[in-house]
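Asks: Just passing along the structure, written as structure tokens.
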Amino acid sequence: MALSESQRKIWAAQLLSSLKKNLVFAGPRVVNRNYEGEIRDQGDTVKIISVGRPTIGDYVKGVTVINPEQLTDAERSLTITEAKYFAFEIDDIDRAQTGNGGAIMNEAATESAYALRDVADQFVAGLYAGAATANQIGTTSITTSALAVDGINDLMVRLDEADVPKEGRYCIVPAWYHGLLTKSELFTDLSASGSTEALRNGTVGRLFGFDILMSNNVPIVTGDDYRVSAGYPGALTYADQIVKTESYRPENSFSDAMKGLHVYGSKLVRPSAVATLIASRT
């Protein structure tokens, strides 16, 4: 069995689509994909499409001469640092017994996408450790629904004080934190949350202007302390590509095999636009 060039592109597109649908930390509600350039392999660099904030000046009619400033941004490039692969095979006997080998291959490819998703999400989750110092809230005991709500409120205040846009704000919590939130009427009351929008990509509700997302990839800092992260999509840029997919017949077995390579990179381009809370379960 061999994949033609067009088939490889279809497989790569399907794997990438499956990845995007299930990402949380690297999902469309959390990161932006504002970059230009073609990703061919690990080590490639793409250009981040972003600019610095323009300076505001006083204007006096008939007097002020306006000279446009040259906008610069120190964070203009993103290097594709990560490369992860998958490889699996399906024995000919198993294909014959099921009578639907193609379905098994599709299912295995989908499971590979889930596995790649977890690894990519964990990579992006780790970037929040670089949040601006003023936006880092230290270890806080979160043992009741009221304390869980207070934690989200504290993150809101940090972002407000940093002039972070309110549009598109999110907060990513672990499952146990979400469980505490569901015991609060502020979280479960749709009139208070301000949205009846269908939940997707890990979204489990809204609170204080945040889309609340739940992920099992929230980093454990130490013991039972978790780094809860909040921000808006303009803070992180993420780029990825399935650059290689191949199907082949291994020499040492009677089976069909497939392998693929996922490369990606991410950068926290605005550390002051994210906030973190070290939430302790005890």
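Ordered as shown in the structure tokens, chains take letters A, B, and onward, while each chain numbers its residues from 1 and ligands are numbered from 1 in the order shown.
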Excluding Asp150 of chain A and residues on its chain fewer than 4 positions from it, collect all residues at most 12 Å away from it, counting only C-alpha atoms, and give them as an MDAnalysis selection string.
Replies: chainID A and resid 140:146 154:157 177 180:181 184 186:187 207:208 277 279
Asks: Could you go through segment 39-242 of chain A and tell me which residues DSSP, when run on the backbone, assigns to helix (DSSP H, G or I), listing them as number ranges by chain?
Replies: A: 92-98, 101-130, 133-135, 145-161, 175-181, 185-188, 190-193
Asks: Determine which residues of segment 170-279 of chain A DSSP labels as strand (DSSP E or B) from the backbone of this structure, then write them out as a VMD selection string.
Replies: chain A and resid 170 to 173 203 to 207 210 to 214 220 to 222 225 to 231 236 to 248 255 to 268 274 to 279
Asks: Let me see the file: selected residues, C-alpha atoms, as a PDB file, in the first residue's frame.
Replies:
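Final output, out-v4.pdb:
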```pdb
ATOM      1  CA  TYR A 170     -10.580  32.816  28.364  1.00  0.00           C
ATOM      2  CA  CYS A 171      -9.551  30.985  31.521  1.00  0.00           C
ATOM      3  CA  ILE A 172      -8.325  27.371  31.500  1.00  0.00           C
ATOM      4  CA  VAL A 173      -8.933  25.276  34.631  1.00  0.00           C
ATOM      5  CA  THR A 203     -15.446  25.347  26.816  1.00  0.00           C
ATOM      6  CA  VAL A 204     -17.583  24.545  29.856  1.00  0.00           C
ATOM      7  CA  GLY A 205     -19.196  27.907  30.619  1.00  0.00           C
ATOM      8  CA  ARG A 206     -18.644  31.628  31.141  1.00  0.00           C
ATOM      9  CA  LEU A 207     -17.823  33.738  34.175  1.00  0.00           C
ATOM     10  CA  PHE A 210     -14.178  34.675  30.495  1.00  0.00           C
ATOM     11  CA  ASP A 211     -14.864  31.622  28.393  1.00  0.00           C
ATOM     12  CA  ILE A 212     -14.090  28.947  30.990  1.00  0.00           C
ATOM     13  CA  LEU A 213     -12.266  26.023  29.400  1.00  0.00           C
ATOM     14  CA  MET A 214     -11.421  22.735  31.069  1.00  0.00           C
ATOM     15  CA  ILE A 220       0.930  20.774  37.986  1.00  0.00           C
ATOM     16  CA  VAL A 221       3.482  23.134  39.527  1.00  0.00           C
ATOM     17  CA  THR A 222       4.109  20.988  42.577  1.00  0.00           C
ATOM     18  CA  ASP A 225      -0.892  22.979  42.978  1.00  0.00           C
ATOM     19  CA  TYR A 226      -2.058  23.739  39.428  1.00  0.00           C
ATOM     20  CA  ARG A 227      -1.307  26.735  37.203  1.00  0.00           C
ATOM     21  CA  VAL A 228      -4.679  28.160  36.128  1.00  0.00           C
ATOM     22  CA  SER A 229      -4.160  30.432  33.114  1.00  0.00           C
ATOM     23  CA  ALA A 230      -6.160  33.309  31.651  1.00  0.00           C
ATOM     24  CA  GLY A 231      -5.687  35.693  28.759  1.00  0.00           C
ATOM     25  CA  LEU A 236       0.122  33.748  22.077  1.00  0.00           C
ATOM     26  CA  THR A 237       0.915  32.805  18.504  1.00  0.00           C
ATOM     27  CA  TYR A 238       0.897  29.164  17.425  1.00  0.00           C
ATOM     28  CA  ALA A 239       1.884  27.563  14.125  1.00  0.00           C
ATOM     29  CA  ASP A 240       1.853  23.901  13.144  1.00  0.00           C
ATOM     30  CA  GLN A 241       1.781  21.563  10.201  1.00  0.00           C
ATOM     31  CA  ILE A 242       1.614  17.874   9.404  1.00  0.00           C
ATOM     32  CA  VAL A 243       4.627  17.907   7.118  1.00  0.00           C
ATOM     33  CA  LYS A 244       4.943  14.209   6.336  1.00  0.00           C
ATOM     34  CA  THR A 245       2.555  11.261   6.089  1.00  0.00           C
ATOM     35  CA  GLU A 246       3.609   7.937   4.618  1.00  0.00           C
ATOM     36  CA  SER A 247       2.064   4.495   4.327  1.00  0.00           C
ATOM     37  CA  TYR A 248       4.281   1.488   3.695  1.00  0.00           C
ATOM     38  CA  SER A 255       1.093  -5.539   7.661  1.00  0.00           C
ATOM     39  CA  ASP A 256       0.197  -2.079   6.467  1.00  0.00           C
ATOM     40  CA  ALA A 257       1.866   0.764   8.364  1.00  0.00           C
ATOM     41  CA  MET A 258       1.534   4.524   8.518  1.00  0.00           C
ATOM     42  CA  LYS A 259       3.748   7.217   9.979  1.00  0.00           C
ATOM     43  CA  GLY A 260       3.493  10.971  10.190  1.00  0.00           C
ATOM     44  CA  LEU A 261       5.400  14.004  11.433  1.00  0.00           C
ATOM     45  CA  HIS A 262       3.806  16.962  13.234  1.00  0.00           C
ATOM     46  CA  VAL A 263       5.938  20.099  13.645  1.00  0.00           C
ATOM     47  CA  TYR A 264       4.921  23.204  15.571  1.00  0.00           C
ATOM     48  CA  GLY A 265       6.025  26.189  17.569  1.00  0.00           C
ATOM     49  CA  SER A 266       4.414  28.740  19.850  1.00  0.00           C
ATOM     50  CA  LYS A 267       5.454  32.010  21.463  1.00  0.00           C
ATOM     51  CA  LEU A 268       4.059  34.167  24.252  1.00  0.00           C
ATOM     52  CA  VAL A 274      -1.962  36.677  30.315  1.00  0.00           C
ATOM     53  CA  ALA A 275      -2.390  36.015  34.024  1.00  0.00           C
ATOM     54  CA  THR A 276      -1.868  32.928  36.156  1.00  0.00           C
ATOM     55  CA  LEU A 277      -3.063  31.622  39.492  1.00  0.00           C
ATOM     56  CA  ILE A 278      -1.417  28.759  41.374  1.00  0.00           C
ATOM     57  CA  ALA A 279      -4.506  26.950  42.602  1.00  0.00           C
TER      58      ALA A 279
END
```
Asks: Write out as a count of residues only each polymer residue whose atoms come within 7 Å of Phe25 of chain A, counting only C-alpha atoms; drop sequence neighbours fewer than 6 positions from it.
Replies: 3
Asks: How far is it from atom CA of Arg249 of chain A to atom CA of Glu89 of chain A, in Å with one decimal?
Replies: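 Rounded to one decimal, the two atoms are 8.7 Å apart.
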Asks: Hey, can you check how far atom CA of Leu23 of chain A sits from atom CA of Gly126 of chain A?
Replies: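 Between atom CA of Leu23 of chain A and atom CA of Gly126 of chain A the gap is 14.6 Å.
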